[in-house]
file start-v3.tsv (TSV, C-alpha atoms)
chain	number	residue	atom	x	y	z
R	1	MET	CA	23.23	10.31	-3.34
R	2	SER	CA	26.34	8.28	-3.90
R	3	THR	CA	25.70	6.41	-0.64
R	4	LEU	CA	22.66	4.59	-2.07
R	5	SER	CA	23.21	1.47	-4.14
R	6	THR	CA	22.18	1.00	-7.76
R	7	PRO	CA	19.48	-1.58	-6.83
R	8	VAL	CA	17.86	1.04	-4.59
R	9	LEU	CA	17.99	3.60	-7.40
R	10	TRP	CA	16.32	1.11	-9.73
R	11	ALA	CA	13.66	0.38	-7.11
R	12	ALA	CA	13.03	4.12	-6.71
R	13	THR	CA	12.76	4.55	-10.48
R	14	LEU	CA	10.35	1.64	-10.84
R	15	THR	CA	8.32	2.92	-7.88
R	16	LEU	CA	7.84	6.22	-9.70
R	17	LEU	CA	6.78	4.43	-12.90
R	18	MET	CA	4.39	2.10	-11.07
R	19	GLY	CA	2.98	5.02	-9.09
R	20	LEU	CA	2.51	7.02	-12.27
R	21	PHE	CA	0.65	4.16	-13.94
R	22	TYR	CA	-1.54	3.66	-10.89
R	23	PHE	CA	-2.21	7.41	-10.68
R	24	TYR	CA	-3.35	7.23	-14.30
R	25	THR	CA	-5.81	4.37	-13.58
R	26	ALA	CA	-7.23	6.38	-10.65
R	27	PHE	CA	-7.43	9.56	-12.71
R	28	ARG	CA	-9.34	7.72	-15.45
R	29	VAL	CA	-11.92	6.56	-12.91
R	30	GLY	CA	-12.52	10.17	-11.89
R	31	ILE	CA	-12.94	11.24	-15.51
R	32	LEU	CA	-15.34	8.38	-16.30
R	33	ARG	CA	-17.30	9.08	-13.12
R	34	GLY	CA	-17.99	12.57	-14.43
R	35	ARG	CA	-18.68	11.46	-18.00
R	36	HIS	CA	-21.22	8.82	-16.99
R	37	HIS	CA	-22.74	10.90	-14.20
R	38	ILE	CA	-22.05	8.33	-11.49
R	39	LYS	CA	-22.57	10.13	-8.22
R	40	ALA	CA	-20.33	9.33	-5.23
R	41	PRO	CA	-20.38	7.19	-3.14
R	42	ALA	CA	-21.57	4.77	-5.87
R	43	THR	CA	-18.76	2.75	-7.45
R	44	SER	CA	-20.71	1.28	-10.35
R	45	GLY	CA	-23.35	2.36	-12.85
R	46	HIS	CA	-21.88	2.10	-16.34
R	47	PRO	CA	-19.92	-0.79	-17.88
R	48	GLN	CA	-17.00	1.40	-18.88
R	49	PHE	CA	-16.78	2.96	-15.43
R	50	ASP	CA	-17.11	-0.42	-13.73
R	51	ARG	CA	-14.23	-1.81	-15.73
R	52	ALA	CA	-12.02	1.22	-15.15
R	53	TYR	CA	-12.74	1.05	-11.42
R	54	ARG	CA	-11.85	-2.64	-11.25
R	55	VAL	CA	-8.65	-1.98	-13.18
R	56	GLN	CA	-7.71	0.69	-10.65
R	57	LEU	CA	-8.58	-1.41	-7.63
R	58	ASN	CA	-6.87	-4.50	-9.02
R	59	THR	CA	-3.77	-2.43	-9.72
R	60	LEU	CA	-3.85	-1.24	-6.11
R	61	GLU	CA	-4.25	-4.83	-4.92
R	62	GLN	CA	-1.26	-5.90	-7.01
R	63	LEU	CA	0.89	-2.90	-6.08
R	64	ALA	CA	0.61	-4.02	-2.45
R	65	ILE	CA	2.35	-7.24	-3.52
R	66	ILE	CA	5.01	-6.07	-5.96
R	67	LEU	CA	6.17	-2.86	-4.26
R	68	PRO	CA	7.17	-4.43	-0.92
R	69	PHE	CA	8.88	-7.34	-2.71
R	70	LEU	CA	10.69	-4.91	-5.03
R	71	TRP	CA	12.07	-2.90	-2.09
R	72	VAL	CA	13.13	-5.96	-0.13
R	73	SER	CA	14.98	-7.22	-3.20
R	74	ALA	CA	16.63	-3.78	-3.55
R	75	LEU	CA	17.78	-3.76	0.08
R	76	TYR	CA	19.09	-7.33	-0.16
R	77	PRO	CA	20.16	-7.56	-3.80
R	78	ILE	CA	21.29	-10.79	-5.42
R	79	THR	CA	23.34	-11.35	-8.55
R	80	PRO	CA	22.56	-10.53	-11.32
R	81	GLN	CA	21.42	-7.13	-10.06
R	82	TRP	CA	19.45	-6.36	-13.22
R	83	LEU	CA	17.06	-9.24	-12.52
R	84	ALA	CA	14.79	-7.49	-9.99
R	85	PRO	CA	14.45	-4.28	-12.06
R	86	LEU	CA	13.74	-6.39	-15.17
R	87	ILE	CA	10.95	-8.22	-13.35
R	88	GLY	CA	9.58	-4.83	-12.29
R	89	PHE	CA	9.50	-3.62	-15.88
R	90	VAL	CA	7.74	-6.77	-17.06
R	91	TRP	CA	5.19	-6.25	-14.27
R	92	ILE	CA	4.46	-2.73	-15.58
R	93	ALA	CA	4.14	-4.05	-19.14
R	94	GLY	CA	1.71	-6.67	-17.81
R	95	ARG	CA	-0.39	-3.98	-16.17
R	96	VAL	CA	-0.56	-1.95	-19.38
R	97	ILE	CA	-1.76	-5.08	-21.22
R	98	TYR	CA	-4.23	-5.76	-18.39
R	99	LEU	CA	-5.66	-2.24	-18.63
R	100	ARG	CA	-6.02	-2.39	-22.40
R	101	ASP	CA	-7.57	-5.87	-22.49
R	102	TYR	CA	-9.85	-5.38	-19.49
R	103	MET	CA	-11.36	-2.22	-21.00
R	104	SER	CA	-12.12	-3.99	-24.29
R	105	ASP	CA	-13.48	-7.14	-22.59
R	106	PRO	CA	-13.04	-8.20	-18.95
R	107	GLU	CA	-12.78	-11.84	-20.03
R	108	LYS	CA	-9.56	-10.99	-21.88
R	109	ARG	CA	-7.80	-9.89	-18.70
R	110	VAL	CA	-6.13	-13.30	-18.22
R	111	LEU	CA	-2.89	-12.48	-20.04
R	112	GLY	CA	-2.17	-9.26	-18.15
R	113	ALA	CA	-3.25	-10.76	-14.85
R	114	GLY	CA	-1.07	-13.79	-15.48
R	115	ILE	CA	2.04	-11.73	-16.24
R	116	CYS	CA	1.38	-9.74	-13.10
R	117	GLY	CA	0.97	-12.85	-10.93
R	118	LEU	CA	4.05	-14.61	-12.31
R	119	THR	CA	6.28	-11.55	-11.99
R	120	SER	CA	5.08	-11.12	-8.39
R	121	ILE	CA	6.09	-14.70	-7.63
R	122	ALA	CA	9.44	-14.14	-9.36
R	123	MET	CA	10.05	-10.96	-7.36
R	124	PHE	CA	9.18	-12.83	-4.16
R	125	VAL	CA	11.73	-15.54	-4.95
R	126	VAL	CA	14.43	-12.96	-5.74
R	127	ALA	CA	13.70	-11.05	-2.53
R	128	LEU	CA	13.60	-14.26	-0.50
R	129	CYS	CA	17.02	-15.33	-1.81
R	130	GLY	CA	18.49	-11.98	-0.78
R	131	VAL	CA	16.95	-12.11	2.68
R	132	LEU	CA	18.00	-15.72	3.28
R	133	ARG	CA	21.58	-14.89	2.24
R	134	ALA	CA	21.54	-11.96	4.67
R	135	TRP	CA	20.34	-14.21	7.51
R	136	VAL	CA	23.11	-16.69	6.71
R	137	ALA	CA	25.63	-13.82	6.70
R	138	THR	CA	24.56	-12.74	10.22
R	139	ARG	CA	25.84	-16.10	11.45
R	140	GLY	CA	29.14	-15.91	9.54
M	1	MET	CA	24.45	-6.87	3.38
M	2	SER	CA	26.32	-6.34	6.61
M	3	THR	CA	25.54	-2.62	6.41
M	4	LEU	CA	21.85	-3.16	7.12
M	5	SER	CA	20.74	-3.55	10.73
M	6	THR	CA	19.00	-6.57	12.21
M	7	PRO	CA	15.71	-4.64	12.68
M	8	VAL	CA	15.67	-3.94	8.93
M	9	LEU	CA	16.33	-7.61	8.20
M	10	TRP	CA	13.42	-8.57	10.45
M	11	ALA	CA	11.19	-6.00	8.72
M	12	ALA	CA	12.19	-7.42	5.33
M	13	THR	CA	11.45	-10.95	6.50
M	14	LEU	CA	8.06	-10.00	7.91
M	15	THR	CA	7.26	-8.07	4.74
M	16	LEU	CA	7.83	-11.23	2.70
M	17	LEU	CA	5.61	-13.24	5.04
M	18	MET	CA	2.85	-10.63	5.05
M	19	GLY	CA	3.09	-10.29	1.28
M	20	LEU	CA	2.90	-14.04	0.87
M	21	PHE	CA	-0.21	-14.24	3.04
M	22	TYR	CA	-1.84	-11.40	1.16
M	23	PHE	CA	-0.92	-12.97	-2.17
M	24	TYR	CA	-2.65	-16.13	-0.96
M	25	THR	CA	-5.88	-14.24	-0.09
M	26	ALA	CA	-5.84	-12.63	-3.55
M	27	PHE	CA	-5.12	-15.95	-5.26
M	28	ARG	CA	-8.06	-17.58	-3.46
M	29	VAL	CA	-10.38	-14.87	-4.78
M	30	GLY	CA	-9.31	-15.66	-8.31
M	31	ILE	CA	-9.90	-19.39	-7.77
M	32	LEU	CA	-13.33	-18.83	-6.23
M	33	ARG	CA	-14.25	-16.40	-9.00
M	34	GLY	CA	-13.73	-19.22	-11.48
M	35	ARG	CA	-15.42	-21.89	-9.38
M	36	HIS	CA	-18.58	-19.84	-8.81
M	37	HIS	CA	-18.63	-18.39	-12.34
M	38	ILE	CA	-18.55	-14.77	-11.18
M	39	LYS	CA	-17.71	-12.73	-14.25
M	40	ALA	CA	-15.50	-9.65	-13.94
M	41	PRO	CA	-16.04	-6.81	-13.20
M	42	ALA	CA	-18.55	-8.13	-10.60
M	43	THR	CA	-17.10	-8.50	-7.10
M	44	SER	CA	-19.96	-10.42	-5.53
M	45	GLY	CA	-22.34	-13.23	-6.46
M	46	HIS	CA	-21.73	-16.15	-4.10
M	47	PRO	CA	-21.40	-16.08	-0.28
M	48	GLN	CA	-18.06	-17.92	-0.32
M	49	PHE	CA	-16.64	-15.58	-2.96
M	50	ASP	CA	-17.99	-12.50	-1.18
M	51	ARG	CA	-16.30	-13.54	2.04
M	52	ALA	CA	-13.00	-14.35	0.37
M	53	TYR	CA	-13.05	-11.00	-1.41
M	54	ARG	CA	-13.71	-9.11	1.80
M	55	VAL	CA	-10.89	-11.02	3.52
M	56	GLN	CA	-8.54	-10.00	0.72
M	57	LEU	CA	-9.63	-6.37	0.68
M	58	ASN	CA	-9.56	-6.10	4.47
M	59	THR	CA	-6.07	-7.59	4.49
M	60	LEU	CA	-5.03	-4.97	1.95
M	61	GLU	CA	-6.61	-2.25	4.09
M	62	GLN	CA	-4.73	-3.50	7.15
M	63	LEU	CA	-1.42	-4.00	5.31
M	64	ALA	CA	-1.49	-0.28	4.50
M	65	ILE	CA	-1.39	0.33	8.26
M	66	ILE	CA	1.04	-2.29	9.55
M	67	LEU	CA	3.67	-2.23	6.78
M	68	PRO	CA	4.53	1.49	7.02
M	69	PHE	CA	4.60	1.31	10.83
M	70	LEU	CA	6.78	-1.80	10.70
M	71	TRP	CA	9.34	-0.10	8.46
M	72	VAL	CA	9.42	3.11	10.46
M	73	SER	CA	10.04	1.04	13.59
M	74	ALA	CA	12.83	-0.81	11.77
M	75	LEU	CA	14.52	2.43	10.67
M	76	TYR	CA	14.22	3.93	14.16
M	77	PRO	CA	14.45	0.85	16.38
M	78	ILE	CA	13.89	0.95	20.12
M	79	THR	CA	14.97	-1.48	22.81
M	80	PRO	CA	14.11	-4.34	23.03
M	81	GLN	CA	14.66	-4.85	19.31
M	82	TRP	CA	12.64	-8.07	19.22
M	83	LEU	CA	9.46	-6.16	20.14
M	84	ALA	CA	8.56	-4.84	16.67
M	85	PRO	CA	9.17	-8.19	14.90
M	86	LEU	CA	7.16	-9.97	17.59
M	87	ILE	CA	4.23	-7.59	17.03
M	88	GLY	CA	4.53	-8.31	13.32
M	89	PHE	CA	4.33	-12.06	13.87
M	90	VAL	CA	1.26	-11.67	16.11
M	91	TRP	CA	-0.33	-9.54	13.37
M	92	ILE	CA	0.19	-12.35	10.85
M	93	ALA	CA	-1.25	-14.90	13.30
M	94	GLY	CA	-4.25	-12.57	13.74
M	95	ARG	CA	-4.77	-12.46	9.97
M	96	VAL	CA	-4.69	-16.24	9.70
M	97	ILE	CA	-7.34	-16.44	12.44
M	98	TYR	CA	-9.33	-13.71	10.67
M	99	LEU	CA	-9.26	-15.61	7.38
M	100	ARG	CA	-10.33	-18.89	8.98
M	101	ASP	CA	-13.11	-17.38	11.10
M	102	TYR	CA	-14.44	-15.04	8.41
M	103	MET	CA	-14.82	-17.90	5.91
M	104	SER	CA	-16.78	-20.00	8.41
M	105	ASP	CA	-18.97	-17.10	9.56
M	106	PRO	CA	-18.34	-13.35	9.00
M	107	GLU	CA	-19.74	-12.59	12.48
M	108	LYS	CA	-16.83	-14.53	13.99
M	109	ARG	CA	-14.25	-12.17	12.51
M	110	VAL	CA	-14.02	-10.11	15.71
M	111	LEU	CA	-11.10	-12.00	17.27
M	112	GLY	CA	-8.84	-11.80	14.23
M	113	ALA	CA	-9.83	-8.21	13.50
M	114	GLY	CA	-9.18	-7.30	17.12
M	115	ILE	CA	-5.69	-8.83	17.17
M	116	CYS	CA	-4.95	-6.99	13.95
M	117	GLY	CA	-6.17	-3.64	15.29
M	118	LEU	CA	-4.36	-3.95	18.63
M	119	THR	CA	-1.07	-5.01	17.03
M	120	SER	CA	-1.34	-2.08	14.61
M	121	ILE	CA	-1.72	0.30	17.56
M	122	ALA	CA	1.21	-1.38	19.32
M	123	MET	CA	3.38	-1.07	16.21
M	124	PHE	CA	2.41	2.59	15.92
M	125	VAL	CA	3.49	3.24	19.51
M	126	VAL	CA	6.80	1.44	18.99
M	127	ALA	CA	7.47	3.37	15.76
M	128	LEU	CA	6.45	6.65	17.39
M	129	CYS	CA	8.89	6.10	20.28
M	130	GLY	CA	11.72	5.49	17.82
M	131	VAL	CA	10.89	8.58	15.77
M	132	LEU	CA	10.50	10.82	18.82
M	133	ARG	CA	13.85	9.63	20.16
M	134	ALA	CA	15.42	10.42	16.78
M	135	TRP	CA	13.95	13.93	16.82
M	136	VAL	CA	15.30	14.48	20.32
M	137	ALA	CA	18.71	13.23	19.15
M	138	THR	CA	18.80	15.79	16.32
M	139	ARG	CA	18.78	18.51	18.98
M	140	GLY	CA	21.48	16.90	21.12
L	1	MET	CA	19.86	6.98	14.60
L	2	SER	CA	22.29	9.69	13.63
L	3	THR	CA	23.07	7.79	10.43
L	4	LEU	CA	19.66	8.54	8.92
L	5	SER	CA	19.12	11.85	7.19
L	6	THR	CA	16.61	14.52	8.15
L	7	PRO	CA	14.49	13.90	5.00
L	8	VAL	CA	14.10	10.26	6.06
L	9	LEU	CA	13.08	11.34	9.57
L	10	TRP	CA	10.48	13.68	8.07
L	11	ALA	CA	9.21	10.88	5.83
L	12	ALA	CA	8.95	8.58	8.85
L	13	THR	CA	7.08	11.24	10.82
L	14	LEU	CA	4.65	11.92	7.97
L	15	THR	CA	4.15	8.18	7.47
L	16	LEU	CA	3.05	7.88	11.09
L	17	LEU	CA	0.65	10.81	10.71
L	18	MET	CA	-0.79	9.51	7.44
L	19	GLY	CA	-1.10	6.02	8.91
L	20	LEU	CA	-2.83	7.41	11.98
L	21	PHE	CA	-5.34	9.32	9.84
L	22	TYR	CA	-6.00	6.26	7.70
L	23	PHE	CA	-6.38	4.10	10.79
L	24	TYR	CA	-8.99	6.58	12.00
L	25	THR	CA	-10.97	6.36	8.73
L	26	ALA	CA	-10.91	2.55	8.97
L	27	PHE	CA	-11.89	2.60	12.64
L	28	ARG	CA	-14.87	4.86	11.87
L	29	VAL	CA	-16.12	2.37	9.29
L	30	GLY	CA	-16.09	-0.35	11.93
L	31	ILE	CA	-18.01	1.84	14.38
L	32	LEU	CA	-20.61	2.84	11.77
L	33	ARG	CA	-20.96	-0.78	10.66
L	34	GLY	CA	-22.03	-1.65	14.18
L	35	ARG	CA	-24.26	1.40	14.64
L	36	HIS	CA	-26.19	0.85	11.40
L	37	HIS	CA	-26.27	-2.95	11.78
L	38	ILE	CA	-24.56	-3.62	8.45
L	39	LYS	CA	-23.53	-7.23	8.53
L	40	ALA	CA	-20.26	-8.33	6.92
L	41	PRO	CA	-19.47	-9.01	4.10
L	42	ALA	CA	-21.80	-6.19	2.95
L	43	THR	CA	-20.04	-2.88	2.36
L	44	SER	CA	-23.08	-0.69	1.96
L	45	GLY	CA	-26.52	-0.27	3.53
L	46	HIS	CA	-26.72	3.19	5.08
L	47	PRO	CA	-25.72	6.54	3.51
L	48	GLN	CA	-23.45	7.48	6.43
L	49	PHE	CA	-21.72	4.11	6.35
L	50	ASP	CA	-21.38	4.20	2.56
L	51	ARG	CA	-19.71	7.59	2.71
L	52	ALA	CA	-17.36	6.58	5.50
L	53	TYR	CA	-16.38	3.44	3.62
L	54	ARG	CA	-15.64	5.39	0.46
L	55	VAL	CA	-13.58	7.88	2.45
L	56	GLN	CA	-11.54	5.00	3.88
L	57	LEU	CA	-11.08	3.26	0.55
L	58	ASN	CA	-10.25	6.48	-1.28
L	59	THR	CA	-7.69	7.30	1.41
L	60	LEU	CA	-6.17	3.86	0.89
L	61	GLU	CA	-6.12	4.44	-2.89
L	62	GLN	CA	-4.39	7.78	-2.40
L	63	LEU	CA	-1.95	6.50	0.24
L	64	ALA	CA	-0.66	4.06	-2.38
L	65	ILE	CA	0.33	7.09	-4.45
L	66	ILE	CA	1.70	9.55	-1.89
L	67	LEU	CA	3.60	7.15	0.41
L	68	PRO	CA	5.90	5.66	-2.26
L	69	PHE	CA	6.57	9.12	-3.75
L	70	LEU	CA	7.28	10.52	-0.27
L	71	TRP	CA	9.85	7.83	0.47
L	72	VAL	CA	11.57	8.11	-2.90
L	73	SER	CA	11.84	11.87	-2.36
L	74	ALA	CA	13.29	11.20	1.12
L	75	LEU	CA	15.91	8.78	-0.22
L	76	TYR	CA	16.86	11.17	-3.05
L	77	PRO	CA	16.24	14.58	-1.48
L	78	ILE	CA	16.42	17.82	-3.42
L	79	THR	CA	16.89	21.37	-2.20
L	80	PRO	CA	15.01	22.87	-0.42
L	81	GLN	CA	14.66	19.83	1.83
L	82	TRP	CA	11.52	21.17	3.54
L	83	LEU	CA	9.59	21.00	0.26
L	84	ALA	CA	8.71	17.28	0.32
L	85	PRO	CA	7.61	17.30	4.00
L	86	LEU	CA	5.56	20.44	3.36
L	87	ILE	CA	3.78	18.75	0.46
L	88	GLY	CA	3.10	15.80	2.76
L	89	PHE	CA	1.52	18.02	5.39
L	90	VAL	CA	-0.69	19.73	2.78
L	91	TRP	CA	-1.75	16.26	1.60
L	92	ILE	CA	-2.85	15.36	5.13
L	93	ALA	CA	-4.73	18.66	5.44
L	94	GLY	CA	-6.43	17.88	2.13
L	95	ARG	CA	-7.51	14.48	3.43
L	96	VAL	CA	-9.00	16.00	6.59
L	97	ILE	CA	-10.98	18.43	4.40
L	98	TYR	CA	-11.99	15.53	2.14
L	99	LEU	CA	-13.26	13.50	5.10
L	100	ARG	CA	-15.25	16.40	6.54
L	101	ASP	CA	-16.79	17.49	3.23
L	102	TYR	CA	-17.52	13.98	1.95
L	103	MET	CA	-19.44	13.09	5.12
L	104	SER	CA	-21.61	16.21	4.84
L	105	ASP	CA	-22.21	15.79	1.09
L	106	PRO	CA	-20.25	13.57	-1.34
L	107	GLU	CA	-20.59	16.24	-4.04
L	108	LYS	CA	-18.47	18.58	-1.91
L	109	ARG	CA	-15.47	16.26	-2.02
L	110	VAL	CA	-13.89	18.15	-4.94
L	111	LEU	CA	-11.73	20.50	-2.84
L	112	GLY	CA	-10.16	17.79	-0.70
L	113	ALA	CA	-9.75	15.45	-3.65
L	114	GLY	CA	-8.16	18.24	-5.67
L	115	ILE	CA	-5.62	19.11	-2.95
L	116	CYS	CA	-4.77	15.43	-2.69
L	117	GLY	CA	-4.31	15.01	-6.44
L	118	LEU	CA	-2.21	18.15	-6.86
L	119	THR	CA	0.04	17.36	-3.90
L	120	SER	CA	0.54	13.84	-5.28
L	121	ILE	CA	1.66	15.31	-8.60
L	122	ALA	CA	3.94	17.76	-6.77
L	123	MET	CA	5.46	14.93	-4.72
L	124	PHE	CA	6.01	12.94	-7.90
L	125	VAL	CA	7.88	15.84	-9.52
L	126	VAL	CA	10.04	16.33	-6.42
L	127	ALA	CA	10.85	12.62	-6.25
L	128	LEU	CA	11.53	12.48	-9.98
L	129	CYS	CA	14.01	15.37	-9.76
L	130	GLY	CA	15.89	13.59	-6.98
L	131	VAL	CA	16.00	10.30	-8.87
L	132	LEU	CA	17.08	11.93	-12.14
L	133	ARG	CA	19.86	13.78	-10.32
L	134	ALA	CA	20.99	10.48	-8.79
L	135	TRP	CA	21.08	8.83	-12.23
L	136	VAL	CA	23.13	11.72	-13.59
L	137	ALA	CA	25.49	11.38	-10.60
L	138	THR	CA	26.10	7.69	-11.38
L	139	ARG	CA	27.66	8.80	-14.67
L	140	GLY	CA	29.84	11.52	-13.11

call {"tool": "encode", "arguments": {"input": "start-v3.tsv", "output": "structure tokens"}}
result
Amino acid sequence: MSTLSTPVLWAATLTLLMGLFYFYTAFRVGILRGRHHIKAPATSGHPQFDRAYRVQLNTLEQLAIILPFLWVSALYPITPQWLAPLIGFVWIAGRVIYLRDYMSDPEKRVLGAGICGLTSIAMFVVALCGVLRAWVATRG
Amino acid sequence: MSTLSTPVLWAATLTLLMGLFYFYTAFRVGILRGRHHIKAPATSGHPQFDRAYRVQLNTLEQLAIILPFLWVSALYPITPQWLAPLIGFVWIAGRVIYLRDYMSDPEKRVLGAGICGLTSIAMFVVALCGVLRAWVATRG
Amino acid sequence: MSTLSTPVLWAATLTLLMGLFYFYTAFRVGILRGRHHIKAPATSGHPQFDRAYRVQLNTLEQLAIILPFLWVSALYPITPQWLAPLIGFVWIAGRVIYLRDYMSDPEKRVLGAGICGLTSIAMFVVALCGVLRAWVATRG
């Protein structure tokens, strides 16, 4: 697909990685639901399940922020072009930390949640710069 | 990015605004969680927190409807091209009303929820028209 | 829009269908909330409502997996090009089965959930092949 730009290819790659991670958090919830005999439609009943379910749902909540920003920044890339993908990778690393810490103790989730929030803000700023430049260019 | 059309630029702009609003609803939940000492993984415990959390989750639920429709309508735009962006702006206004009314009294959420639902249907129709026209064009 | 490829048009079409189905699951929750007098911000209170709400939320959780994979596979299509759209249609069929079975008895949700999970994995593999091929092409 030589017609698609490198920023789009990076966004696609990160989307697959983020989707894979999220799929894993959802899969874990299903496994723990069976292990702890938590019958649907209940979404709580055992501390380990409750934590895993919150990790999944929080990841979903955060995906709805980072994914749209990532794609906007890929469609309207700014220099340096590695910045948006880098932020995406740090976001994923933050989610892995969040998952690990939350499962051991929900009070420890601050680091992972913080990385996630800051990278989302950073991705927003990058995407906003690209969009603003594009609006300026429409007047040129 | 002169290669991208104006409808796509509008979709990108609206995506940033919608994402920003949603980020705000999620941020508020975190703040209220701290203020009312609601320990994770609990997602209820104080009326104000419960409302804020429902506003966030409902916004997420509705984003999953409007965002895909917005982008499909941007990729397959119909005339007049300002229609889809306008619907997007009304959707955001509806969410702001929803947030304000829900926090004061959940029973008052009908207006904001109604605007949101109707604009989602409108965006669906606009996107559908664009896609149907594209299918017809593939046969031409 | 003759400039957009057929895989993108299929992705757009499937997005509208998936969005419409999800909209329906969300709409049902609103109806059942009224019928069973479940006041917001509560999200449980009657078995039928609880099931409908879980169906909606699970559909949202699964949409966050299939939609990104669908679009990546549309941007980086592989041969045969009907494969990704076909997987998308099977996913929708799986969700309809999931809705029907879950409402009759949550324990019966396994078939629909299984179809959904397997099609998500299949869509991931298809998207991954397209992205890997694109990365290889950037070195050519």

call {"tool": "interface_residues", "arguments": {"input": "start-v3.tsv", "of": "chain L", "to": "chain R", "cutoff": "6 Å", "atoms": "only C-alpha atoms", "output": "ChimeraX atom specification"}}
result
/L:51,65,72,106,134

call {"tool": "residues_near_point", "arguments": {"input": "start-v3.tsv", "point": "(-11.9, 23.6, -1.5)", "cutoff": "10 Å", "atoms": "only C-alpha atoms", "output": "PDB file with C-alpha atoms, in the frame of the given file"}}
result
ATOM      1  CA  GLY L  94      -6.430  17.880   2.130  1.00  0.00           C
ATOM      2  CA  ILE L  97     -10.980  18.430   4.400  1.00  0.00           C
ATOM      3  CA  TYR L  98     -11.990  15.530   2.140  1.00  0.00           C
ATOM      4  CA  ASP L 101     -16.790  17.490   3.230  1.00  0.00           C
ATOM      5  CA  LYS L 108     -18.470  18.580  -1.910  1.00  0.00           C
ATOM      6  CA  ARG L 109     -15.470  16.260  -2.020  1.00  0.00           C
ATOM      7  CA  VAL L 110     -13.890  18.150  -4.940  1.00  0.00           C
ATOM      8  CA  LEU L 111     -11.730  20.500  -2.840  1.00  0.00           C
ATOM      9  CA  GLY L 112     -10.160  17.790  -0.700  1.00  0.00           C
ATOM     10  CA  ALA L 113      -9.750  15.450  -3.650  1.00  0.00           C
ATOM     11  CA  GLY L 114      -8.160  18.240  -5.670  1.00  0.00           C
ATOM     12  CA  ILE L 115      -5.620  19.110  -2.950  1.00  0.00           C
TER      13      ILE L 115
END

call {"tool": "atom_distance", "arguments": {"input": "start-v3.tsv", "atom1": "atom CA of R:Cys116", "atom2": "atom CA of R:Ala93"}}
result
8.7 Å

call {"tool": "atom_distance", "arguments": {"input": "start-v3.tsv", "atom1": "atom CA of M:Trp82", "atom2": "atom CA of R:Leu132"}}
result
18.5 Å

call {"tool": "atom_distance", "arguments": {"input": "start-v3.tsv", "atom1": "atom CA of R:Thr119", "atom2": "atom CA of M:Gln48"}}
result
27.7 Å

call {"tool": "residues_around", "arguments": {"input": "start-v3.tsv", "residues": "R:Gly88", "least_positions_apart": "6", "cutoff": "8 Å", "atoms": "only C-alpha atoms", "output": "list in words"}}
result
Leu14, Ile66, Leu70, Thr119 and Met123 of chain R

call {"tool": "decode", "arguments": {"input": "start-v3.tsv", "residues": "stretch 24-58 of chain R", "atoms": "C-alpha atoms", "output": "JSON list (two decimals), in the first residue's frame"}}
result
[["chain", "number", "residue", "atom", "x", "y", "z"],
["R", 24, "TYR", "CA", -6.15, -9.82, 26.50],
["R", 25, "THR", "CA", -7.75, -7.83, 29.37],
["R", 26, "ALA", "CA", -11.21, -8.91, 28.14],
["R", 27, "PHE", "CA", -10.12, -12.53, 27.74],
["R", 28, "ARG", "CA", -8.76, -12.57, 31.31],
["R", 29, "VAL", "CA", -12.14, -11.40, 32.62],
["R", 30, "GLY", "CA", -13.81, -14.34, 30.90],
["R", 31, "ILE", "CA", -11.30, -16.78, 32.38],
["R", 32, "LEU", "CA", -11.65, -15.34, 35.90],
["R", 33, "ARG", "CA", -15.44, -15.36, 35.58],
["R", 34, "GLY", "CA", -15.28, -19.11, 35.06],
["R", 35, "ARG", "CA", -12.65, -19.72, 37.74],
["R", 36, "HIS", "CA", -14.56, -17.83, 40.43],
["R", 37, "HIS", "CA", -17.98, -19.06, 39.31],
["R", 38, "ILE", "CA", -19.40, -15.58, 38.76],
["R", 39, "LYS", "CA", -22.57, -16.06, 36.80],
["R", 40, "ALA", "CA", -23.56, -13.53, 34.12],
["R", 41, "PRO", "CA", -24.97, -10.89, 34.20],
["R", 42, "ALA", "CA", -23.12, -10.20, 37.50],
["R", 43, "THR", "CA", -19.94, -8.16, 37.06],
["R", 44, "SER", "CA", -18.54, -8.59, 40.56],
["R", 45, "GLY", "CA", -18.21, -11.31, 43.18],
["R", 46, "HIS", "CA", -14.51, -11.95, 43.80],
["R", 47, "PRO", "CA", -11.74, -9.39, 44.40],
["R", 48, "GLN", "CA", -9.55, -10.77, 41.62],
["R", 49, "PHE", "CA", -12.41, -10.75, 39.14],
["R", 50, "ASP", "CA", -13.50, -7.26, 40.20],
["R", 51, "ARG", "CA", -10.02, -5.91, 39.61],
["R", 52, "ALA", "CA", -9.64, -7.63, 36.25],
["R", 53, "TYR", "CA", -13.02, -6.30, 35.16],
["R", 54, "ARG", "CA", -12.12, -2.74, 36.15],
["R", 55, "VAL", "CA", -8.82, -3.04, 34.32],
["R", 56, "GLN", "CA", -10.68, -4.11, 31.19],
["R", 57, "LEU", "CA", -13.31, -1.41, 31.45],
["R", 58, "ASN", "CA", -10.77, 1.29, 32.25]]
